[in-house]
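Below is input_15.txt, holding compact mmCIF, C-alpha atoms.
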# COMPACT_ATOMS: atom_id res chain seq x y z
CA MET A 1 16.07 1.64 -10.72
CA ALA A 2 13.13 -0.66 -10.23
CA GLU A 3 13.28 -4.40 -10.76
CA LYS A 4 10.21 -4.35 -12.97
CA TYR A 5 8.71 -1.76 -15.28
CA PHE A 6 5.10 -1.76 -16.36
CA LYS A 7 3.26 -0.80 -19.47
CA ARG A 8 -0.11 0.69 -18.64
CA GLU A 9 -1.98 -2.41 -19.81
CA GLU A 10 0.19 -4.73 -17.68
CA ALA A 11 -0.42 -2.61 -14.60
CA GLU A 12 -4.18 -2.50 -15.20
CA GLU A 13 -4.32 -6.28 -15.48
CA LEU A 14 -3.01 -6.45 -11.89
CA LEU A 15 -5.55 -4.04 -10.45
CA PRO A 16 -8.09 -6.67 -9.28
CA VAL A 17 -5.40 -8.58 -7.35
CA ILE A 18 -3.87 -5.42 -5.94
CA GLU A 19 -7.27 -4.05 -4.98
CA TYR A 20 -8.12 -7.28 -3.11
CA HIS A 21 -4.90 -7.26 -1.08
CA LEU A 22 -5.04 -3.49 -0.57
CA GLU A 23 -8.55 -3.63 0.87
CA ARG A 24 -7.51 -6.47 3.19
CA ALA A 25 -4.44 -4.55 4.33
CA ARG A 26 -6.43 -1.40 4.98
CA ALA A 27 -9.05 -3.27 7.02
CA GLN A 28 -6.33 -5.02 9.03
CA LYS A 29 -4.55 -1.72 9.65
CA GLN A 30 -7.78 -0.25 10.97
CA GLU A 31 -8.26 -3.22 13.31
CA VAL A 32 -4.66 -2.93 14.53
CA GLU A 33 -5.24 0.74 15.30
CA GLN A 34 -8.41 -0.11 17.25
CA LEU A 35 -6.56 -2.74 19.30
CA ASN A 36 -3.72 -0.28 19.95
CA GLN A 37 -6.27 2.24 21.25
CA GLU A 38 -7.79 -0.41 23.49
CA LEU A 39 -4.36 -1.25 24.92
CA ALA A 40 -3.62 2.45 25.45
CA ARG A 41 -6.92 2.91 27.31
CA ALA A 42 -6.13 -0.08 29.53
CA THR A 43 -2.69 1.33 30.30
CA ALA A 44 -4.20 4.73 31.12
CA ARG A 45 -6.74 3.10 33.48
CA VAL A 46 -3.98 1.29 35.35
CA MET A 47 -2.00 4.53 35.69
CA MET A 48 -5.06 6.48 36.92
CA LEU A 49 -5.93 3.82 39.49
CA GLY A 50 -2.47 3.91 41.00
CA GLY A 51 -1.06 0.73 39.55
CA SER A 52 -4.03 -1.55 40.08
CA VAL A 53 -3.76 -5.06 38.69
CA PRO A 54 -4.91 -5.04 35.05
CA PRO A 55 -6.84 -7.93 33.49
CA LEU A 56 -3.68 -9.66 32.26
CA GLY A 57 -5.45 -12.45 30.39
CA LYS A 58 -7.57 -10.03 28.41
CA LEU A 59 -4.60 -7.77 27.64
CA ALA A 60 -2.49 -10.75 26.52
CA LYS A 61 -5.27 -11.82 24.14
CA ILE A 62 -5.56 -8.29 22.72
CA LYS A 63 -1.79 -8.18 22.16
CA ALA A 64 -1.81 -11.61 20.51
CA ASP A 65 -4.72 -10.61 18.27
CA ARG A 66 -2.92 -7.40 17.34
CA ASP A 67 0.31 -9.26 16.54
CA GLN A 68 -1.57 -11.68 14.27
CA LEU A 69 -3.25 -8.78 12.48
CA VAL A 70 0.08 -7.02 12.01
CA GLU A 71 1.51 -10.18 10.47
CA ARG A 72 -1.45 -10.53 8.08
CA LEU A 73 -1.19 -6.84 7.23
CA GLN A 74 2.48 -7.25 6.38
CA GLN A 75 1.67 -10.31 4.24
CA ALA A 76 -0.99 -8.38 2.29
CA VAL A 77 1.45 -5.53 1.62
CA THR A 78 4.13 -8.05 0.61
CA HIS A 79 1.73 -9.68 -1.88
CA ILE A 80 1.19 -6.27 -3.47
CA GLN A 81 4.88 -5.43 -3.60
CA GLU A 82 5.77 -8.83 -5.06
CA THR A 83 3.95 -7.77 -8.22
CA GLY A 84 6.60 -5.09 -8.71
CA CYS A 85 4.50 -2.09 -7.77
CA VAL A 86 5.04 0.21 -4.81
CA VAL A 87 2.60 0.87 -1.97
CA LYS A 88 2.86 4.62 -1.45
CA ASP A 89 0.06 5.30 1.03
CA LEU A 90 -1.94 2.48 2.57
CA GLU A 91 -4.65 4.70 4.04
CA MET A 92 -5.30 6.53 0.78
CA GLY A 93 -4.86 3.32 -1.21
CA LEU A 94 -2.09 4.80 -3.38
CA ILE A 95 -0.08 2.45 -5.57
CA ASP A 96 2.71 3.36 -8.01
CA PHE A 97 3.89 1.25 -10.92
CA PRO A 98 7.42 1.92 -12.19
CA SER A 99 7.27 2.75 -15.88
CA PHE A 100 8.86 4.78 -18.65
CA ARG A 101 7.42 7.81 -20.37
CA ASN A 102 9.28 9.51 -23.20
CA GLY A 103 12.47 7.70 -22.15
CA GLU A 104 12.23 8.87 -18.54
CA GLU A 105 11.60 6.68 -15.51
CA VAL A 106 8.22 7.61 -13.97
CA TYR A 107 5.44 6.09 -11.91
CA LEU A 108 2.02 5.18 -13.19
CA CYS A 109 -0.18 6.25 -10.30
CA TRP A 110 -3.38 4.53 -9.18
CA LYS A 111 -5.63 5.17 -6.23
CA LEU A 112 -8.10 2.71 -4.75
CA GLY A 113 -11.52 3.40 -6.24
CA GLU A 114 -10.22 4.45 -9.65
CA GLU A 115 -11.34 2.11 -12.42
CA HIS A 116 -8.23 2.51 -14.56
CA ILE A 117 -4.73 3.90 -14.37
CA GLU A 118 -5.12 7.42 -15.72
CA TRP A 119 -2.29 9.27 -13.96
CA TRP A 120 1.48 9.40 -13.82
CA HIS A 121 4.14 11.40 -11.99
CA GLY A 122 7.91 11.72 -11.89
CA ILE A 123 9.85 9.64 -9.41
CA ASP A 124 10.62 12.66 -7.27
CA GLU A 125 7.03 13.89 -7.36
CA GLY A 126 4.20 12.54 -5.31
CA PHE A 127 0.43 12.38 -5.54
CA ALA A 128 0.21 16.16 -5.78
CA GLY A 129 2.31 16.05 -8.95
CA ARG A 130 0.03 13.66 -10.81
CA LYS A 131 -0.57 14.34 -14.48
CA ARG A 132 -3.22 12.76 -16.67
CA LEU A 133 -2.05 10.07 -19.08
CA ASP A 134 -2.85 10.23 -22.76
CA PRO A 135 -5.99 8.27 -23.71
CA THR A 136 -3.87 5.81 -25.68
CA PRO A 137 -0.57 5.15 -23.92
CA PRO A 138 2.67 5.02 -25.90
CA ASP A 139 3.99 1.48 -26.12
CA GLU A 140 7.52 2.22 -24.95
CA PRO A 141 9.80 -0.69 -24.07
CA SER A 142 11.84 -0.78 -20.89
CA PRO A 143 15.61 -0.18 -21.12
CA LYS A 144 16.19 -3.95 -20.91
CA ASP A 145 14.04 -4.47 -24.02
CA ARG A 146 15.75 -1.80 -26.09
CA VAL A 147 18.08 -2.89 -28.85
CA GLN A 148 21.44 -1.10 -28.77

Please express the file's structure as structure tokens.
Amino acid sequence: MAEKYFKREEAEELLPVIEYHLERARAQKQEVEQLNQELARATARVMMLGGSVPPLGKLAKIKADRDQLVERLQQAVTHIQETGCVVKDLEMGLIDFPSFRNGEEVYLCWKLGEEHIEWWHGIDEGFAGRKRLDPTPPDEPSPKDRVQ
């Protein structure tokens, strides 16, 4: 069970903050991948040249830059997850919000670029199992809010 459950309106209120951190994380991930490619090319050059001395200062700076980017990437993802939602796919920009629908635990599903949360899927389903939400969402309380 999730620590937090969202009503559709609560989740949509978070979208600007999530979108900001998600875009930062995606850009940082792309930069990390570019630096990793640069390091791989440098390693390949050294191997092809029979163990020649690589530009150690430059490689150390690339590694340090990459490590800083990885740390900032992790911080951006942490900021998103601290809201209670789940980052499902950073590249696609997929975010799930734990919720309840007809008494069943589900995910409200949002993808970067979508203006509103209009989809949901079961916990064991993924993006391919998305179903469109009703135009006016049911206002169902979480199990903690239910009166026994």

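If all atoms listed in the file are the atoms counted, then among A:Thr83, A:Met1, A:Arg8, A:Glu19 the closest residue to Leu133 in chain A is A:Arg8.
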
For Gly84 in chain A: contacts at 10 Å, all atoms listed in the file, fewer than 3 positions along chain excluded, given as a list in words: Ala2, Glu3, Lys4, Tyr5, Phe6, Ala11, His79, Ile80, Gln81, Val87, Asp96, Phe97 and Pro98 of chain A

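Candidate residues A:Ala128, A:Ile18, A:Leu108, A:Leu59 were compared for distance to Arg41 in chain A, and the nearest is A:Leu59, using only C-alpha atoms.
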
Surrounding residues of Tyr107 in chain A excluding itself and chain neighbours under 6 positions, 9 Å, all atoms listed in the file, as an NGL selection string: :A and (96-101 or 119-123)

Export C-alpha atoms of the chosen residues as a PDB file, in the frame of the given file?
ATOM      1  CA  ASP A  96       2.710   3.360  -8.010  1.00  0.00           C
ATOM      2  CA  PHE A  97       3.890   1.250 -10.920  1.00  0.00           C
ATOM      3  CA  PRO A  98       7.420   1.920 -12.190  1.00  0.00           C
ATOM      4  CA  SER A  99       7.270   2.750 -15.880  1.00  0.00           C
ATOM      5  CA  PHE A 100       8.860   4.780 -18.650  1.00  0.00           C
ATOM      6  CA  ARG A 101       7.420   7.810 -20.370  1.00  0.00           C
ATOM      7  CA  TRP A 119      -2.290   9.270 -13.960  1.00  0.00           C
ATOM      8  CA  TRP A 120       1.480   9.400 -13.820  1.00  0.00           C
ATOM      9  CA  HIS A 121       4.140  11.400 -11.990  1.00  0.00           C
ATOM     10  CA  GLY A 122       7.910  11.720 -11.890  1.00  0.00           C
ATOM     11  CA  ILE A 123       9.850   9.640  -9.410  1.00  0.00           C
TER      12      ILE A 123
END

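Residue neighbourhood of Glu91 in chain A, excluding near-sequence residues (fewer than 5 positions): Leu22, Glu23, Arg24, Ala25, Arg26, Ala27, Gln28, Lys29, Gln30, Glu33, Lys111 and Leu112 of chain A, at 12 Å, using all atoms listed in the file.
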
Quick one: of A:Asn102, A:Ile117, A:His21, A:Arg66, who's nearest to Leu90 in chain A, counting only C-alpha atoms?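 For Leu90 in chain A, the nearest of the candidates is A:His21.
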
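Atom pair CA of Leu69 in chain A / CA of Cys109 in chain A: separated by 27.5 Å.
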